[in-house]
file upload14.txt (compact mmCIF, C-alpha atoms and all ligand atoms)
# COMPACT_ATOMS: atom_id res chain seq x y z
CA MET A 1 28.50 92.77 138.69
CA LYS A 2 25.14 91.03 139.03
CA ILE A 3 24.43 89.61 142.49
CA ILE A 4 21.70 86.99 142.90
CA ILE A 5 20.86 86.16 146.51
CA CYS A 6 19.13 82.78 146.74
CA GLU A 7 16.85 81.50 149.49
CA ASP A 8 18.73 78.24 149.84
CA GLU A 9 21.29 75.93 148.26
CA ARG A 10 18.79 74.28 145.97
CA GLU A 11 17.68 77.57 144.42
CA LEU A 12 21.34 78.52 143.95
CA ASP A 13 22.17 75.20 142.27
CA ILE A 14 19.23 75.51 139.88
CA LYS A 15 19.86 79.15 138.97
CA ALA A 16 23.60 78.67 138.46
CA ALA A 17 23.02 75.55 136.34
CA GLU A 18 20.46 77.43 134.25
CA GLU A 19 23.01 80.19 133.55
CA PHE A 20 25.62 77.61 132.53
CA ALA A 21 23.16 75.59 130.44
CA ASN A 22 21.94 78.70 128.59
CA HIS A 23 25.51 79.39 127.64
CA ILE A 24 25.98 75.87 126.27
CA ARG A 25 22.69 76.07 124.37
CA ARG A 26 23.64 79.40 122.78
CA LYS A 27 27.18 78.23 121.94
CA PRO A 28 27.37 74.41 121.83
CA ASP A 29 31.17 74.50 121.44
CA SER A 30 31.62 76.68 124.54
CA VAL A 31 34.90 76.58 126.42
CA LEU A 32 33.93 75.99 130.04
CA GLY A 33 36.13 76.75 133.03
CA LEU A 34 35.26 74.39 135.87
CA ALA A 35 35.79 74.36 139.62
CA THR A 36 35.78 71.56 142.18
CA GLY A 37 35.04 71.65 145.94
CA SER A 38 31.71 71.26 147.74
CA THR A 39 30.03 74.35 146.33
CA PRO A 40 29.45 73.41 142.65
CA ILE A 41 28.40 69.79 143.29
CA GLY A 42 24.69 70.69 143.31
CA MET A 43 25.07 72.73 140.12
CA TYR A 44 26.77 69.80 138.39
CA LYS A 45 23.95 67.54 139.54
CA GLN A 46 21.43 69.89 137.95
CA LEU A 47 23.44 69.92 134.71
CA VAL A 48 23.51 66.11 134.69
CA ASP A 49 19.71 66.10 135.14
CA MET A 50 19.33 68.60 132.29
CA HIS A 51 21.45 66.34 130.10
CA LYS A 52 19.36 63.27 130.98
CA ASN A 53 15.92 64.89 130.91
CA GLU A 54 16.24 67.71 128.39
CA GLY A 55 19.11 66.50 126.20
CA LEU A 56 21.54 69.28 127.20
CA ASP A 57 24.38 68.49 124.82
CA PHE A 58 28.00 68.42 126.01
CA SER A 59 29.37 66.72 122.90
CA ARG A 60 31.14 69.84 121.58
CA VAL A 61 32.11 71.65 124.78
CA ILE A 62 35.74 71.95 125.81
CA THR A 63 36.54 72.12 129.53
CA PHE A 64 39.45 73.43 131.57
CA ASN A 65 39.57 72.85 135.30
CA LEU A 66 40.94 75.53 137.57
CA ASP A 67 43.34 73.35 139.49
CA GLU A 68 44.66 69.96 140.59
CA TYR A 69 46.78 68.77 143.49
CA VAL A 70 50.42 67.97 142.86
CA GLY A 71 51.55 64.42 143.54
CA ILE A 72 48.37 62.40 143.89
CA PRO A 73 47.33 59.86 141.24
CA HIS A 74 44.37 60.72 138.99
CA ASP A 75 42.41 57.77 140.37
CA HIS A 76 42.96 58.87 143.99
CA PRO A 77 39.45 59.57 145.33
CA CYS A 78 40.50 63.08 146.41
CA SER A 79 42.04 64.06 143.07
CA TYR A 80 40.14 66.63 141.05
CA HIS A 81 40.28 64.24 138.09
CA ALA A 82 38.25 61.74 140.13
CA TYR A 83 35.92 64.47 141.43
CA MET A 84 35.08 65.67 137.91
CA ASP A 85 34.44 62.13 136.65
CA GLU A 86 32.18 61.40 139.60
CA ASN A 87 30.23 64.65 139.62
CA LEU A 88 29.95 65.47 135.92
CA PHE A 89 31.99 63.82 133.20
CA ASN A 90 30.86 60.21 133.73
CA HIS A 91 27.21 61.27 133.45
CA VAL A 92 27.14 63.48 130.34
CA ASN A 93 28.10 63.05 126.67
CA ILE A 94 31.37 64.97 126.85
CA SER A 95 34.25 63.85 124.60
CA ARG A 96 37.18 62.71 126.72
CA GLU A 97 39.64 64.51 124.42
CA ASN A 98 37.90 67.82 125.18
CA ILE A 99 38.57 67.55 128.93
CA ASN A 100 41.56 69.45 130.33
CA ILE A 101 42.68 69.21 133.96
CA PRO A 102 46.22 70.16 135.06
CA ASN A 103 48.40 67.09 135.48
CA GLY A 104 49.87 67.24 138.97
CA LEU A 105 52.01 64.21 138.15
CA ALA A 106 53.75 65.72 135.12
CA GLU A 107 57.49 65.15 134.96
CA SER A 108 58.03 68.86 134.46
CA LEU A 109 55.36 70.78 136.36
CA GLU A 110 56.61 74.05 134.87
CA GLU A 111 56.13 72.75 131.34
CA GLU A 112 52.70 71.46 132.29
CA CYS A 113 51.71 74.95 133.46
CA THR A 114 53.02 76.66 130.30
CA ASN A 115 51.26 74.13 128.07
CA TYR A 116 47.99 74.51 130.00
CA GLU A 117 48.04 78.27 129.61
CA GLU A 118 48.87 77.93 125.88
CA LYS A 119 46.11 75.40 125.34
CA ILE A 120 43.51 77.74 126.83
CA LYS A 121 44.69 80.45 124.43
CA SER A 122 44.73 78.08 121.44
CA VAL A 123 40.98 77.36 121.77
CA GLY A 124 40.16 81.07 121.97
CA GLY A 125 40.00 81.46 125.77
CA ILE A 126 37.40 80.48 128.34
CA ASP A 127 33.82 81.53 127.57
CA ILE A 128 32.37 80.97 131.03
CA GLN A 129 34.29 80.22 134.23
CA VAL A 130 32.66 78.93 137.41
CA LEU A 131 34.40 79.79 140.67
CA GLY A 132 33.97 78.90 144.32
CA ILE A 133 35.64 80.99 147.01
CA GLY A 134 37.88 79.94 149.90
CA ARG A 135 37.29 81.11 153.46
CA ASN A 136 40.37 83.27 152.91
CA ALA A 137 38.85 84.53 149.63
CA HIS A 138 41.13 82.45 147.41
CA ILE A 139 39.96 81.72 143.87
CA GLY A 140 41.37 78.63 142.22
CA PHE A 141 44.26 77.95 144.57
CA ASN A 142 45.44 81.54 144.38
CA GLU A 143 46.02 82.28 148.03
CA PRO A 144 46.14 85.77 149.59
CA GLY A 145 49.16 87.68 148.34
CA THR A 146 49.13 86.13 144.85
CA PRO A 147 49.83 88.89 142.30
CA PHE A 148 46.91 89.74 140.03
CA HIS A 149 49.12 89.14 136.95
CA SER A 150 49.77 85.48 137.89
CA ILE A 151 49.21 82.81 135.24
CA THR A 152 48.95 79.01 135.58
CA SER A 153 51.65 77.88 138.02
CA VAL A 154 52.59 75.58 140.87
CA VAL A 155 51.32 77.09 144.12
CA GLU A 156 51.83 76.26 147.77
CA LEU A 157 48.63 75.73 149.76
CA THR A 158 48.23 77.70 152.98
CA PRO A 159 47.73 75.79 156.24
CA SER A 160 44.12 77.09 156.40
CA THR A 161 43.32 75.76 152.91
CA ARG A 162 44.93 72.40 153.72
CA GLU A 163 42.94 72.29 156.92
CA ALA A 164 39.67 73.16 155.10
CA ASN A 165 40.32 70.48 152.46
CA SER A 166 41.39 67.83 154.97
CA ARG A 167 37.69 66.91 155.31
CA PHE A 168 38.03 64.96 152.06
CA PHE A 169 41.19 63.09 153.14
CA ASP A 170 41.83 60.57 155.96
CA SER A 171 44.06 63.04 157.76
CA ILE A 172 45.57 66.50 157.25
CA ASP A 173 48.99 64.92 156.64
CA GLU A 174 47.62 63.38 153.47
CA VAL A 175 46.53 66.74 152.01
CA PRO A 176 49.06 67.73 149.34
CA THR A 177 51.14 70.82 150.05
CA HIS A 178 51.14 72.04 146.45
CA ALA A 179 48.78 72.31 143.52
CA ILE A 180 48.77 73.53 139.95
CA SER A 181 46.34 76.41 139.60
CA MET A 182 45.24 78.73 136.87
CA GLY A 183 46.50 82.18 137.80
CA ILE A 184 44.43 85.22 138.62
CA LYS A 185 45.18 86.71 135.20
CA THR A 186 44.12 83.44 133.56
CA ILE A 187 40.81 83.55 135.45
CA MET A 188 40.26 87.23 134.68
CA GLN A 189 40.67 86.56 130.95
CA ALA A 190 37.49 84.44 130.94
CA LYS A 191 34.76 86.24 129.02
CA LYS A 192 32.19 85.56 131.73
CA ILE A 193 32.60 84.48 135.35
CA ILE A 194 30.06 83.01 137.73
CA LEU A 195 31.02 83.00 141.39
CA LEU A 196 29.17 80.66 143.75
CA ALA A 197 29.18 80.90 147.54
CA LYS A 198 27.23 78.95 150.12
CA GLY A 199 27.13 79.00 153.90
CA ALA A 200 27.99 81.25 156.82
CA ASP A 201 31.69 80.41 156.74
CA LYS A 202 31.94 82.24 153.39
CA ALA A 203 30.16 85.42 154.57
CA ASP A 204 33.29 87.27 155.58
CA ALA A 205 35.20 86.38 152.40
CA MET A 206 32.20 87.35 150.25
CA TYR A 207 31.78 90.71 151.95
CA LYS A 208 35.47 91.53 151.50
CA ALA A 209 35.50 90.25 147.91
CA LEU A 210 32.52 92.26 146.73
CA TYR A 211 32.54 95.35 148.94
CA GLY A 212 36.10 95.68 150.28
CA PRO A 213 39.22 97.21 148.76
CA ILE A 214 40.60 95.52 145.65
CA THR A 215 43.81 93.94 146.93
CA PRO A 216 45.90 90.77 146.43
CA ASP A 217 45.29 90.12 150.16
CA VAL A 218 41.71 89.26 149.13
CA PRO A 219 42.22 87.43 145.83
CA ALA A 220 38.49 87.36 144.92
CA SER A 221 38.32 91.17 145.20
CA VAL A 222 39.92 91.28 141.73
CA LEU A 223 36.53 90.20 140.36
CA GLN A 224 35.26 93.73 140.99
CA LEU A 225 37.41 94.68 137.97
CA HIS A 226 35.87 92.09 135.62
CA PRO A 227 33.20 93.39 133.23
CA ASN A 228 30.94 90.31 133.29
CA VAL A 229 30.53 88.59 136.66
CA THR A 230 27.37 87.04 138.06
CA VAL A 231 27.42 86.05 141.73
CA PHE A 232 25.08 83.36 143.05
CA VAL A 233 25.09 83.45 146.82
CA ASP A 234 22.83 81.94 149.48
CA LYS A 235 21.43 84.01 152.34
CA GLU A 236 24.05 82.76 154.82
CA ALA A 237 26.99 83.69 152.61
CA ALA A 238 25.34 87.06 151.86
CA ALA A 239 24.76 87.81 155.55
CA LYS A 240 27.33 90.62 155.71
CA PHE A 241 26.27 92.40 152.52
CA PRO A 242 25.03 95.96 153.03
CA THR A 243 21.24 96.05 153.25
CA LYS A 244 19.35 98.32 150.84
CA GLU A 245 17.47 101.17 152.56
C1 LIG B 1 38.30 74.40 143.48
C2 LIG B 1 38.92 75.68 143.80
C3 LIG B 1 38.76 76.34 145.13
C4 LIG B 1 37.37 76.16 145.75
C5 LIG B 1 37.32 76.82 147.13
C6 LIG B 1 35.98 76.60 147.81
O1 LIG B 1 38.60 74.01 142.16
O2 LIG B 1 39.61 76.18 142.99
O3 LIG B 1 39.04 77.71 144.99
O4 LIG B 1 36.42 76.72 144.91
O5 LIG B 1 38.33 76.32 147.94
O6 LIG B 1 35.84 75.25 148.10
P1 LIG B 1 34.46 74.66 148.65
O7 LIG B 1 33.46 74.79 147.56
O8 LIG B 1 34.76 73.22 148.97
O9 LIG B 1 34.09 75.46 149.85

call {"tool": "encode", "arguments": {"input": "upload14.txt", "output": "structure tokens", "more": "lines below"}}
Ligand code: F6R
result
Amino acid sequence: MKIIICEDERELDIKAAEEFANHIRRKPDSVLGLATGSTPIGMYKQLVDMHKNEGLDFSRVITFNLDEYVGIPHDHPCSYHAYMDENLFNHVNISRENINIPNGLAESLEEECTNYEEKIKSVGGIDIQVLGIGRNAHIGFNEPGTPFHSITSVVELTPSTREANSRFFDSIDEVPTHAISMGIKTIMQAKKIILLAKGADKADAMYKALYGPITPDVPASVLQLHPNVTVFVDKEAAAKFPTKE
């Protein structure tokens, strides 16, 4: 595992975007695994700038998002469909048919999950997956206790995750109770993973994820078992890491 501690958010955004962009340049038809939330917004902004200023080409990439809420329309401002349009897709030359986000409005959510998992396999798997981390160390919406062999499924959000995400909604009652999320096994099958973490409220989760026991109680700790992970973390989120003598 490679750990890159950045001075501030801006440095993190630039370095993470550079890693992602290099991947796209080397393999223009890369399969990208994407995350939402506050953390990757700056990285997406950098990628949009690279597209506009340096011609970074998204025309052949295929994307799969980690997750989507169940039961809110795609044009709801808090849906992850809307988030991705606003922060990335509307600003780069991606082909709409190459975008995949779980459909939380599907008639059969179970079928939607099976098809999503199959579709990832059918394009040869995810080349590079970006992850944020929850304060409880969730990855995707895989909350503590999720088995490491889980695949894409409907998951129930914990009260702490609903509370954390209520900042985007008018009130906590509006935050959906369920989501579709790639499973931990799905995430671990990505060929490369980049984990981003910013801010003091992630310090505890990051310490446990990287230096604690590998356990489903700390979902992100599974990443210690992945052969190709790069972590981009700011000083605040790295505050509990052991210091080198
Ligand atoms: C988002 C996702 C979540 C977030 C995590 C951190 O697609 O799957 O695991 O990465 O909740 O969210 P932020 O970045 O808002 O702190």

call {"tool": "axis_aligned_box", "arguments": {"input": "upload14.txt", "around": "segment 156-174 of chain A", "padding_each_side": "8 Å", "output": "AutoDock Vina command-line options"}}
result
--center_x 44.8 --center_y 69.1 --center_z 152.8 --size_x 30.1 --size_y 33.1 --size_z 26.0

call {"tool": "residues_around", "arguments": {"input": "upload14.txt", "residues": "segment 193-202 of chain A", "least_positions_apart": "4", "cutoff": "8 Å", "atoms": "only C-alpha atoms", "output": "PDB file with C-alpha atoms, in the coordinates of the input"}}
result
ATOM      1  CA  GLU A   9      21.290  75.930 148.260  1.00  0.00           C
ATOM      2  CA  ALA A  16      23.600  78.670 138.460  1.00  0.00           C
ATOM      3  CA  THR A  39      30.030  74.350 146.330  1.00  0.00           C
ATOM      4  CA  PRO A  40      29.450  73.410 142.650  1.00  0.00           C
ATOM      5  CA  ILE A 128      32.370  80.970 131.030  1.00  0.00           C
ATOM      6  CA  GLN A 129      34.290  80.220 134.230  1.00  0.00           C
ATOM      7  CA  VAL A 130      32.660  78.930 137.410  1.00  0.00           C
ATOM      8  CA  LEU A 131      34.400  79.790 140.670  1.00  0.00           C
ATOM      9  CA  GLY A 132      33.970  78.900 144.320  1.00  0.00           C
ATOM     10  CA  ILE A 133      35.640  80.990 147.010  1.00  0.00           C
ATOM     11  CA  GLY A 134      37.880  79.940 149.900  1.00  0.00           C
ATOM     12  CA  ARG A 135      37.290  81.110 153.460  1.00  0.00           C
ATOM     13  CA  MET A 206      32.200  87.350 150.250  1.00  0.00           C
ATOM     14  CA  ASN A 228      30.940  90.310 133.290  1.00  0.00           C
ATOM     15  CA  VAL A 229      30.530  88.590 136.660  1.00  0.00           C
ATOM     16  CA  THR A 230      27.370  87.040 138.060  1.00  0.00           C
ATOM     17  CA  VAL A 231      27.420  86.050 141.730  1.00  0.00           C
ATOM     18  CA  PHE A 232      25.080  83.360 143.050  1.00  0.00           C
ATOM     19  CA  VAL A 233      25.090  83.450 146.820  1.00  0.00           C
ATOM     20  CA  ASP A 234      22.830  81.940 149.480  1.00  0.00           C
ATOM     21  CA  LYS A 235      21.430  84.010 152.340  1.00  0.00           C
ATOM     22  CA  GLU A 236      24.050  82.760 154.820  1.00  0.00           C
ATOM     23  CA  ALA A 237      26.990  83.690 152.610  1.00  0.00           C
ATOM     24  CA  ALA A 239      24.760  87.810 155.550  1.00  0.00           C
TER      25      ALA A 239
END

call {"tool": "residues_around", "arguments": {"input": "upload14.txt", "residues": "Ser160 of chain A", "least_positions_apart": "3", "cutoff": "10 Å", "atoms": "all atoms listed in the file", "output": "list in words"}}
result
Gly134, Arg135, Asn136, Leu157, Glu163, Ala164, Asn165 and Ser166 of chain A

call {"tool": "closest_residue", "arguments": {"input": "upload14.txt", "among": "A:Ile14, A:Ala137, A:Ile126, A:Val218", "to": "Leu32 of chain A", "atoms": "all atoms listed in the file"}}
result
A:Ile126

call {"tool": "closest_residue", "arguments": {"input": "upload14.txt", "among": "A:Ser59, A:Thr186, A:Asn93, A:Thr161", "to": "Tyr116 of chain A", "atoms": "all atoms listed in the file"}}
result
A:Thr186

call {"tool": "atom_distance", "arguments": {"input": "upload14.txt", "atom1": "atom CA of Ala35 of chain A", "atom2": "atom C1 of ligand LIG 1 (chain B)"}}
result
4.6 Å

call {"tool": "atom_distance", "arguments": {"input": "upload14.txt", "atom1": "atom CA of Lys119 of chain A", "atom2": "atom CA of Gly37 of chain A"}}
result
23.7 Å

call {"tool": "atom_distance", "arguments": {"input": "upload14.txt", "atom1": "atom CA of Ile72 of chain A", "atom2": "atom CA of Pro144 of chain A"}}
result
24.2 Å

call {"tool": "closest_residue", "arguments": {"input": "upload14.txt", "among": "A:Lys2, A:Gln46, A:Gly145, A:Asp13", "to": "Ile214 of chain A", "atoms": "only C-alpha atoms"}}
result
A:Gly145

call {"tool": "closest_residue", "arguments": {"input": "upload14.txt", "among": "A:Lys185, A:Arg60, A:Lys191, A:Arg162", "to": "ligand LIG 1 (chain B)", "atoms": "all atoms listed in the file"}}
result
A:Arg162

call {"tool": "closest_residue", "arguments": {"input": "upload14.txt", "among": "A:Phe89, A:Phe169, A:Gly33, A:Glu143", "to": "Gly125 of chain A", "atoms": "only C-alpha atoms"}}
result
A:Gly33

call {"tool": "closest_residue", "arguments": {"input": "upload14.txt", "among": "A:Thr114, A:Gln189, A:Asn142, A:Ser108", "to": "ligand LIG 1 (chain B)", "atoms": "only C-alpha atoms and all ligand atoms"}}
result
A:Asn142

call {"tool": "residues_around", "arguments": {"input": "upload14.txt", "residues": "Ala220 of chain A", "least_positions_apart": "4", "cutoff": "7 Å", "atoms": "only C-alpha atoms", "output": "PDB file with C-alpha atoms, in the coordinates of the input"}}
result
ATOM      1  CA  ALA A 137      38.850  84.530 149.630  1.00  0.00           C
ATOM      2  CA  HIS A 138      41.130  82.450 147.410  1.00  0.00           C
ATOM      3  CA  ILE A 139      39.960  81.720 143.870  1.00  0.00           C
ATOM      4  CA  ALA A 209      35.500  90.250 147.910  1.00  0.00           C
TER       5      ALA A 209
END
